[in-house]
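Inspection log for the structure reproduced underneath, given as structure tokens.
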Amino acid sequence: LGVGMVAAGEYGGLVRDFGGMGLGLLSLKYSRDDERQSDSLGLRYAQRTGYDVDEIPGVYDMLGRVSEAAGQTPVPNWMATHPAPENRTARLEQEIATMERVDGVVDREQYLRRLQGMVYGTDPREGFFRGQTFYHPDLAFALDFPEGTLTENTREAVIGVNERRDAVLLLTLVPESRSVAEAENDFFRRNSGAEVGPEWRREISGLVTASRGFTVYDPSGSDIRGVVAFVEYEGRIYRLLGYTTLQMYPTRRETILSSMASFRAVTDRSVLEVEPRTIDLVRASRTAPVEQLPELAGEDFEEVALVNNVDPDEVIAEGTLLKVVRGEKP
């Protein structure tokens with residue numbers, strides 16, 4: 001992961017991959033051949049344990065719909081690093097046709113009952129976006145990203161990449177430092193190839209801060225320039241890292257610094273008390289399309305159709321158990 005190389009102090013690797021911001025490296029550990037093998041093994045395992053393998057191609061239809069509904073993020077989604085679902089479906093159907101036929105089990109209701117109360121989507125307690133602002137309820141802070149920035153919240157970092165893919169803003173925790181000064185010194189000690197620039201500021205939103213500009217020169221000409229800031233808040237040290245190409249830095253500088261300076265405490269109860277959305281189960285009281293079932297009145301029909309892998313106007317048989325999502329979107 002190119003952006004992670006900064007955290008690891010490997011500036012050389014970051015510079016080499018800067019053209020694509022290093023983001024194309026994410027999730028590319030496995031090849032397409034590996035994925036095809038995993039599909040074939042999945043069929044074999046399902047059949048040997050007594051499940052109906054004819055149900056498996058529908059999984060990829062579901063994944064395709066979910067990926068399409070998820071929208072665009074700066075890191076590749078699963079479709080960018082896996083064979084396209086329609087290709088996988090066609091190949092799996094061909095393979096299924098050659099398999100020895102076994103009467104497999106489809107116990108839909110038993111499976112669905114295991115999902116009752118399951119968290120739907122990402123848990124907002126671990127951080128979420130409202131527009132271009134990232135909020136973390138448990139840690140009670142917020143950070144604004146520039147308009148048009150593609151954002152992603154991962155377990156390693158909160159990532160923002162501009163639409164032209166030539167500027168990055170990263171937010172991470174610094175787990176071992178006792179002070180912002182120690183964190184800053186350690187950063188430049190580990191990244192000895194970086195030319196240290198002037199101090200930026202000593203406080204952000206009233207919080208104790210240590211910050212410096214930096215430049216990394218590369219023989220190939222892929223030089224980068226940016227600012228790193230360490231902020232102390234509620235007993236933790238946060239690192240804000242913004243950078244772009246040396247040539248684009250004068251243009252991107254104010255946008256990067258404005259976002260970094262937006263780090264702040266949060267007291268809004270709607271943020272601090274946010275809860276995850278969860279799966280609930282309802283049973284169709286009559287045979288009708290999703291949008292005409294009385295027990296689904298007021299629900300987002302498109303979302304109900306998505307999580308149940310049906311079309312909004314598809315007729316649902318009376319007695320069918322359906323998933324619905326409870327709770328407000330963050």
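By convention here, the chains of the structure tokens are called A, B, ... in the order presented, each chain's residues are numbered starting at 1, and ligands are numbered starting at 1 in the order presented.
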Inset, instruction - Could you give me, as a list in words, each residue of range 92-143 of chain A that DSSP assigns to strand (DSSP E or B) when run on this structure's backbone? - result: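 Secondary structure check on range 92-143 of chain A, strand (DSSP E or B): Val105, Val119, Tyr120, Phe128, Phe129, Arg130, Thr133, Phe134, Tyr135, His136, Phe141, Ala142 and Leu143 of chain A.
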Resulting file, chosen residues, all heavy atoms, as a short mmCIF file (atom, residue, chain, number, x, y, z; two decimals), in the first residue's frame:
data_model
loop_
_atom_site.label_atom_id
_atom_site.label_comp_id
_atom_site.auth_asym_id
_atom_site.auth_seq_id
_atom_site.Cartn_x
_atom_site.Cartn_y
_atom_site.Cartn_z
N VAL A 105 -28.76 -28.68 -0.31
CA VAL A 105 -29.67 -28.03 0.64
C VAL A 105 -29.67 -26.53 0.42
O VAL A 105 -28.63 -25.91 0.21
CB VAL A 105 -29.24 -28.34 2.09
CG1 VAL A 105 -30.06 -27.52 3.08
CG2 VAL A 105 -29.38 -29.83 2.37
N VAL A 119 -24.83 -6.06 12.26
CA VAL A 119 -24.53 -4.69 11.82
C VAL A 119 -24.53 -4.66 10.30
O VAL A 119 -23.93 -5.50 9.64
CB VAL A 119 -23.17 -4.22 12.37
CG1 VAL A 119 -22.76 -2.89 11.73
CG2 VAL A 119 -23.24 -4.07 13.88
N TYR A 120 -25.21 -3.67 9.75
CA TYR A 120 -25.29 -3.51 8.30
C TYR A 120 -24.31 -2.42 7.87
O TYR A 120 -24.35 -1.30 8.36
CB TYR A 120 -26.71 -3.13 7.89
CG TYR A 120 -26.86 -2.83 6.41
CD1 TYR A 120 -26.89 -3.85 5.48
CD2 TYR A 120 -26.96 -1.51 5.96
CE1 TYR A 120 -27.03 -3.59 4.13
CE2 TYR A 120 -27.11 -1.23 4.61
CZ TYR A 120 -27.13 -2.28 3.70
OH TYR A 120 -27.26 -2.01 2.36
N PHE A 128 -17.04 7.66 10.37
CA PHE A 128 -17.90 7.73 9.20
C PHE A 128 -17.80 9.12 8.58
O PHE A 128 -17.32 10.07 9.20
CB PHE A 128 -19.35 7.42 9.57
CG PHE A 128 -19.99 8.43 10.49
CD1 PHE A 128 -20.72 9.49 9.98
CD2 PHE A 128 -19.85 8.32 11.87
CE1 PHE A 128 -21.31 10.43 10.82
CE2 PHE A 128 -20.44 9.26 12.72
CZ PHE A 128 -21.17 10.32 12.19
N PHE A 129 -18.26 9.22 7.34
CA PHE A 129 -18.28 10.49 6.63
C PHE A 129 -19.70 11.03 6.54
O PHE A 129 -20.65 10.29 6.29
CB PHE A 129 -17.72 10.32 5.22
CG PHE A 129 -16.22 10.25 5.17
CD1 PHE A 129 -15.58 9.02 5.22
CD2 PHE A 129 -15.46 11.40 5.06
CE1 PHE A 129 -14.20 8.95 5.17
CE2 PHE A 129 -14.09 11.33 5.01
CZ PHE A 129 -13.45 10.11 5.07
N ARG A 130 -19.84 12.33 6.76
CA ARG A 130 -21.02 13.08 6.38
C ARG A 130 -20.56 14.11 5.37
O ARG A 130 -19.90 15.08 5.74
CB ARG A 130 -21.67 13.77 7.59
CG ARG A 130 -22.52 12.87 8.45
CD ARG A 130 -23.16 13.67 9.58
NE ARG A 130 -23.95 12.80 10.46
CZ ARG A 130 -24.43 13.17 11.63
NH1 ARG A 130 -24.21 14.42 12.06
NH2 ARG A 130 -25.13 12.33 12.38
N THR A 133 -16.84 15.56 5.56
CA THR A 133 -16.30 15.60 6.92
C THR A 133 -16.25 14.20 7.50
O THR A 133 -17.24 13.47 7.46
CB THR A 133 -17.14 16.52 7.82
OG1 THR A 133 -17.14 17.83 7.28
CG2 THR A 133 -16.57 16.55 9.23
N PHE A 134 -15.10 13.85 8.05
CA PHE A 134 -14.94 12.58 8.73
C PHE A 134 -15.15 12.78 10.22
O PHE A 134 -14.56 13.68 10.83
CB PHE A 134 -13.54 12.00 8.50
CG PHE A 134 -13.29 10.72 9.25
CD1 PHE A 134 -13.84 9.53 8.81
CD2 PHE A 134 -12.50 10.72 10.40
CE1 PHE A 134 -13.62 8.34 9.50
CE2 PHE A 134 -12.29 9.54 11.09
CZ PHE A 134 -12.84 8.35 10.64
N TYR A 135 -16.01 11.94 10.82
CA TYR A 135 -16.29 11.98 12.25
C TYR A 135 -15.91 10.64 12.88
O TYR A 135 -16.13 9.59 12.29
CB TYR A 135 -17.77 12.23 12.52
CG TYR A 135 -18.29 13.56 12.06
CD1 TYR A 135 -18.93 13.69 10.82
CD2 TYR A 135 -18.16 14.69 12.86
CE1 TYR A 135 -19.42 14.92 10.40
CE2 TYR A 135 -18.67 15.93 12.45
CZ TYR A 135 -19.28 16.03 11.21
OH TYR A 135 -19.77 17.24 10.80
N HIS A 136 -15.38 10.72 14.09
CA HIS A 136 -15.11 9.50 14.85
C HIS A 136 -15.79 9.64 16.20
O HIS A 136 -15.31 10.35 17.09
CB HIS A 136 -13.62 9.25 15.03
CG HIS A 136 -13.31 7.83 15.36
ND1 HIS A 136 -13.76 7.21 16.50
CD2 HIS A 136 -12.60 6.88 14.69
CE1 HIS A 136 -13.34 5.96 16.53
NE2 HIS A 136 -12.64 5.72 15.43
N PHE A 141 -13.65 13.30 17.47
CA PHE A 141 -12.99 14.33 16.67
C PHE A 141 -13.58 14.34 15.27
O PHE A 141 -14.29 13.43 14.86
CB PHE A 141 -11.47 14.12 16.61
CG PHE A 141 -11.02 12.96 15.76
CD1 PHE A 141 -10.93 13.08 14.37
CD2 PHE A 141 -10.67 11.75 16.34
CE1 PHE A 141 -10.52 12.02 13.59
CE2 PHE A 141 -10.26 10.68 15.56
CZ PHE A 141 -10.18 10.81 14.18
N ALA A 142 -13.25 15.41 14.52
CA ALA A 142 -13.70 15.55 13.14
C ALA A 142 -12.57 16.12 12.30
O ALA A 142 -11.67 16.80 12.82
CB ALA A 142 -14.93 16.45 13.05
N LEU A 143 -12.62 15.87 11.00
CA LEU A 143 -11.65 16.42 10.05
C LEU A 143 -12.36 16.63 8.73
O LEU A 143 -13.04 15.74 8.22
CB LEU A 143 -10.47 15.45 9.86
CG LEU A 143 -9.38 15.92 8.88
CD1 LEU A 143 -8.60 17.09 9.48
CD2 LEU A 143 -8.44 14.78 8.52
#
Legend entry - Spatial neighbours of range 36-47 of chain A, 9 Å, only C-alpha atoms, chain gap at least 2 places, as a count of residues only: 18
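In the backbone-derived DSSP annotation, helix (DSSP H, G or I) within range 90-248 of chain A comprises Ala90, Arg91, Leu92, Glu93, Gln94, Glu95, Ile96, Ala97, Thr98, Arg108, Glu109, Gln110, Tyr111, Leu112, Arg113, Pro124, Arg125, Glu126, Val180, Ala181, Glu182, Ala183, Glu184, Asn185, Asp186, Phe187, Phe188, Arg189 and Arg190 of chain A.
The closest residue to Leu272 in chain A, picked from A:Ala288, A:Ala97, A:Leu139, A:Val158 and counting only C-alpha atoms, is A:Leu139.
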Inset, instruction - Give me, please, the distance in Å between CA of Ser179 in chain A and CA of Phe230 in chain A, quoted to one decimal. - result: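 Computing the Euclidean distance for CA of Ser179 in chain A and CA of Phe230 in chain A yields 8.8 Å.
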Legend entry - Among listed residues A:Arg48, A:Arg65, A:Arg225, A:Arg202, nearest Asp103 in chain A (using only C-alpha atoms):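 With only C-alpha atoms as the atom set, the closest residue is A:Arg48.
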Inset, instruction - Rank A:Glu176, A:Asp144, A:Glu299, A:Asp313 by their smallest atom-to-atom distance to Leu257 in chain A, using only C-alpha atoms, and report the top residue only. - result: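 Under the stated criterion, the closest residue is A:Asp144.
Our summary of the geometry notes that CA of Arg189 in chain A is positioned 24.1 Å from CA of Arg253 in chain A.
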Which residues of range 113-202 of chain A come within 12 Å of range 275-283 of chain A, and what is each one's closest atom pair and distance in Å (one decimal), counting only C-alpha atoms, sorted by chain and residue number, as JSON lines?
{"residue": "A:Arg113", "atom": "CA", "partner": "A:Leu281", "partner_atom": "CA", "distance": 7.7}
{"residue": "A:Arg114", "atom": "CA", "partner": "A:Ile279", "partner_atom": "CA", "distance": 10.2}
{"residue": "A:Leu115", "atom": "CA", "partner": "A:Ile279", "partner_atom": "CA", "distance": 6.6}
{"residue": "A:Gln116", "atom": "CA", "partner": "A:Asp280", "partner_atom": "CA", "distance": 5.4}
{"residue": "A:Gly117", "atom": "CA", "partner": "A:Ile279", "partner_atom": "CA", "distance": 5.1}
{"residue": "A:Met118", "atom": "CA", "partner": "A:Thr278", "partner_atom": "CA", "distance": 5.3}
{"residue": "A:Val119", "atom": "CA", "partner": "A:Thr278", "partner_atom": "CA", "distance": 4.4}
{"residue": "A:Tyr120", "atom": "CA", "partner": "A:Thr278", "partner_atom": "CA", "distance": 4.9}
{"residue": "A:Gly121", "atom": "CA", "partner": "A:Arg277", "partner_atom": "CA", "distance": 7.4}
{"residue": "A:Thr122", "atom": "CA", "partner": "A:Pro276", "partner_atom": "CA", "distance": 7.6}
{"residue": "A:Asp123", "atom": "CA", "partner": "A:Pro276", "partner_atom": "CA", "distance": 5.2}
{"residue": "A:Pro124", "atom": "CA", "partner": "A:Pro276", "partner_atom": "CA", "distance": 5.8}
{"residue": "A:Arg125", "atom": "CA", "partner": "A:Glu275", "partner_atom": "CA", "distance": 6.8}
{"residue": "A:Glu126", "atom": "CA", "partner": "A:Pro276", "partner_atom": "CA", "distance": 9.7}
{"residue": "A:Gly127", "atom": "CA", "partner": "A:Pro276", "partner_atom": "CA", "distance": 10.7}
{"residue": "A:Phe128", "atom": "CA", "partner": "A:Pro276", "partner_atom": "CA", "distance": 10.5}
{"residue": "A:His136", "atom": "CA", "partner": "A:Glu275", "partner_atom": "CA", "distance": 11.8}
{"residue": "A:Pro137", "atom": "CA", "partner": "A:Glu275", "partner_atom": "CA", "distance": 9.4}
{"residue": "A:Asp138", "atom": "CA", "partner": "A:Glu275", "partner_atom": "CA", "distance": 10.9}
Let me see the file: selected residues, N, CA and C atoms, as a PDB file, in the first residue's frame.
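Output saved as part.pdb:
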ATOM      1  N   ARG A 113     -32.040 -16.275   9.791  1.00  0.00           N
ATOM      2  CA  ARG A 113     -32.203 -16.054  11.233  1.00  0.00           C
ATOM      3  C   ARG A 113     -30.852 -15.805  11.913  1.00  0.00           C
ATOM      4  N   ARG A 114     -29.804 -16.280  11.311  1.00  0.00           N
ATOM      5  CA  ARG A 114     -28.469 -15.998  11.862  1.00  0.00           C
ATOM      6  C   ARG A 114     -28.079 -14.529  11.671  1.00  0.00           C
ATOM      7  N   LEU A 115     -28.768 -13.837  10.764  1.00  0.00           N
ATOM      8  CA  LEU A 115     -28.419 -12.451  10.455  1.00  0.00           C
ATOM      9  C   LEU A 115     -29.166 -11.439  11.317  1.00  0.00           C
ATOM     10  N   GLN A 116     -30.142 -11.909  12.080  1.00  0.00           N
ATOM     11  CA  GLN A 116     -30.934 -11.000  12.922  1.00  0.00           C
ATOM     12  C   GLN A 116     -30.017 -10.189  13.838  1.00  0.00           C
ATOM     13  N   GLY A 117     -30.117  -8.864  13.736  1.00  0.00           N
ATOM     14  CA  GLY A 117     -29.315  -7.989  14.590  1.00  0.00           C
ATOM     15  C   GLY A 117     -27.915  -7.717  14.091  1.00  0.00           C
ATOM     16  N   MET A 118     -27.528  -8.307  12.967  1.00  0.00           N
ATOM     17  CA  MET A 118     -26.180  -8.081  12.436  1.00  0.00           C
ATOM     18  C   MET A 118     -26.008  -6.625  12.007  1.00  0.00           C
ATOM     19  N   VAL A 119     -24.828  -6.060  12.256  1.00  0.00           N
ATOM     20  CA  VAL A 119     -24.530  -4.694  11.819  1.00  0.00           C
ATOM     21  C   VAL A 119     -24.529  -4.658  10.298  1.00  0.00           C
ATOM     22  N   TYR A 120     -25.215  -3.669   9.748  1.00  0.00           N
ATOM     23  CA  TYR A 120     -25.291  -3.507   8.300  1.00  0.00           C
ATOM     24  C   TYR A 120     -24.314  -2.420   7.871  1.00  0.00           C
ATOM     25  N   GLY A 121     -23.446  -2.751   6.930  1.00  0.00           N
ATOM     26  CA  GLY A 121     -22.449  -1.790   6.477  1.00  0.00           C
ATOM     27  C   GLY A 121     -21.355  -1.633   7.515  1.00  0.00           C
ATOM     28  N   THR A 122     -20.636  -0.533   7.435  1.00  0.00           N
ATOM     29  CA  THR A 122     -19.568  -0.276   8.392  1.00  0.00           C
ATOM     30  C   THR A 122     -20.161   0.276   9.679  1.00  0.00           C
ATOM     31  N   ASP A 123     -19.513  -0.005  10.781  1.00  0.00           N
ATOM     32  CA  ASP A 123     -19.974   0.482  12.082  1.00  0.00           C
ATOM     33  C   ASP A 123     -19.548   1.946  12.226  1.00  0.00           C
ATOM     34  N   PRO A 124     -20.485   2.880  12.297  1.00  0.00           N
ATOM     35  CA  PRO A 124     -20.111   4.297  12.399  1.00  0.00           C
ATOM     36  C   PRO A 124     -19.348   4.628  13.675  1.00  0.00           C
ATOM     37  N   ARG A 125     -19.416   3.755  14.666  1.00  0.00           N
ATOM     38  CA  ARG A 125     -18.635   3.999  15.880  1.00  0.00           C
ATOM     39  C   ARG A 125     -17.140   3.978  15.568  1.00  0.00           C
ATOM     40  N   GLU A 126     -16.771   3.367  14.441  1.00  0.00           N
ATOM     41  CA  GLU A 126     -15.366   3.305  14.039  1.00  0.00           C
ATOM     42  C   GLU A 126     -15.015   4.414  13.052  1.00  0.00           C
ATOM     43  N   GLY A 127     -15.915   5.375  12.898  1.00  0.00           N
ATOM     44  CA  GLY A 127     -15.665   6.506  12.014  1.00  0.00           C
ATOM     45  C   GLY A 127     -16.556   6.469  10.795  1.00  0.00           C
ATOM     46  N   PHE A 128     -17.041   7.656  10.372  1.00  0.00           N
ATOM     47  CA  PHE A 128     -17.900   7.726   9.200  1.00  0.00           C
ATOM     48  C   PHE A 128     -17.804   9.117   8.582  1.00  0.00           C
ATOM     49  N   HIS A 136     -15.378  10.720  14.089  1.00  0.00           N
ATOM     50  CA  HIS A 136     -15.114   9.496  14.848  1.00  0.00           C
ATOM     51  C   HIS A 136     -15.793   9.640  16.205  1.00  0.00           C
ATOM     52  N   PRO A 137     -16.951   8.967  16.383  1.00  0.00           N
ATOM     53  CA  PRO A 137     -17.710   9.140  17.630  1.00  0.00           C
ATOM     54  C   PRO A 137     -16.957   8.704  18.879  1.00  0.00           C
ATOM     55  N   ASP A 138     -16.326   7.545  18.836  1.00  0.00           N
ATOM     56  CA  ASP A 138     -15.651   7.049  20.029  1.00  0.00           C
ATOM     57  C   ASP A 138     -14.464   7.920  20.426  1.00  0.00           C
TER      58      ASP A 138
END
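The coordinates place CA of Gly160 in chain A at 23.9 Å from CA of Gly221 in chain A.
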Legend entry - Non-local contacts of Val315 in chain A (12 Å; only C-alpha atoms; under 3 positions in same chain excluded) as a list in words: Ala284, Arg286, Thr287, Ala288, Pro289, Val290, Glu291, Gln292, Leu293, Ala305, Val310, Asp311, Pro312, Glu318 and Thr320 of chain A
Can you write out the residues you just picked, keeping C-alpha atoms, as a PDB file, in the first residue's frame?
ATOM      1  CA  ALA A 284     -44.422 -10.915   3.872  1.00  0.00           C
ATOM      2  CA  ARG A 286     -49.337 -11.333   1.391  1.00  0.00           C
ATOM      3  CA  THR A 287     -48.163 -11.970  -2.164  1.00  0.00           C
ATOM      4  CA  ALA A 288     -47.197  -8.589  -3.603  1.00  0.00           C
ATOM      5  CA  PRO A 289     -44.261  -6.534  -4.920  1.00  0.00           C
ATOM      6  CA  VAL A 290     -41.803  -5.256  -2.317  1.00  0.00           C
ATOM      7  CA  GLU A 291     -43.177  -1.723  -2.550  1.00  0.00           C
ATOM      8  CA  GLN A 292     -46.733  -2.897  -1.826  1.00  0.00           C
ATOM      9  CA  LEU A 293     -46.083  -4.973   1.282  1.00  0.00           C
ATOM     10  CA  ALA A 305     -34.585  -4.904  -2.862  1.00  0.00           C
ATOM     11  CA  VAL A 310     -34.654  -8.807  -5.790  1.00  0.00           C
ATOM     12  CA  ASP A 311     -36.084  -6.047  -7.970  1.00  0.00           C
ATOM     13  CA  PRO A 312     -38.323  -3.380  -6.339  1.00  0.00           C
ATOM     14  CA  GLU A 318     -46.718 -14.579   1.068  1.00  0.00           C
ATOM     15  CA  THR A 320     -41.340 -15.046   2.587  1.00  0.00           C
TER      16      THR A 320
END
Legend entry - Best match for closeness to Glu295 in chain A among A:Lys323, A:Ile256, A:Arg269, A:Val168, counting only C-alpha atoms: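 For Glu295 in chain A, the nearest of the given residues is A:Lys323.
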Inset, instruction - Choose the residue, out of A:Val324, A:Val266, A:Ile204, A:Val174, that has the smallest atom-to-atom separation from Leu306 in chain A; count only C-alpha atoms. - result: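 Between A:Val324, A:Val266, A:Ile204, A:Val174, the residue approaching Leu306 in chain A most closely is A:Val324.
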Inset, instruction - Name the residues in contact with Leu246 in chain A at a cut-off of 9 Å, using only C-alpha atoms, excluding same-chain residues fewer than 6 positions from it; report them as JSON, numbers by chain. - result: {"A": [215, 216, 217, 222, 223, 224, 225, 226]}
Hey, can you spit out that residue selection with N, CA and C atoms as a short mmCIF file (atom, residue, chain, number, x, y, z; two decimals), in the first residue's frame?
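Once written, selection.cif looks like this:
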data_model
loop_
_atom_site.label_atom_id
_atom_site.label_comp_id
_atom_site.auth_asym_id
_atom_site.auth_seq_id
_atom_site.Cartn_x
_atom_site.Cartn_y
_atom_site.Cartn_z
N THR A 215 10.32 17.88 1.94
CA THR A 215 10.48 17.61 0.51
C THR A 215 11.27 16.33 0.36
N VAL A 216 10.86 15.52 -0.58
CA VAL A 216 11.59 14.29 -0.89
C VAL A 216 11.98 14.35 -2.36
N TYR A 217 13.29 14.32 -2.63
CA TYR A 217 13.78 14.38 -4.00
C TYR A 217 14.07 12.97 -4.50
N SER A 222 10.46 12.41 -9.75
CA SER A 222 9.14 12.32 -9.11
C SER A 222 9.22 12.84 -7.68
N ASP A 223 9.57 14.11 -7.53
CA ASP A 223 9.74 14.70 -6.20
C ASP A 223 8.38 15.02 -5.59
N ILE A 224 8.32 14.96 -4.26
CA ILE A 224 7.08 15.30 -3.57
C ILE A 224 7.36 16.32 -2.48
N ARG A 225 6.34 17.10 -2.17
CA ARG A 225 6.45 18.09 -1.10
C ARG A 225 5.15 18.08 -0.32
N GLY A 226 5.28 18.28 1.00
CA GLY A 226 4.09 18.27 1.82
C GLY A 226 4.33 18.79 3.21
#
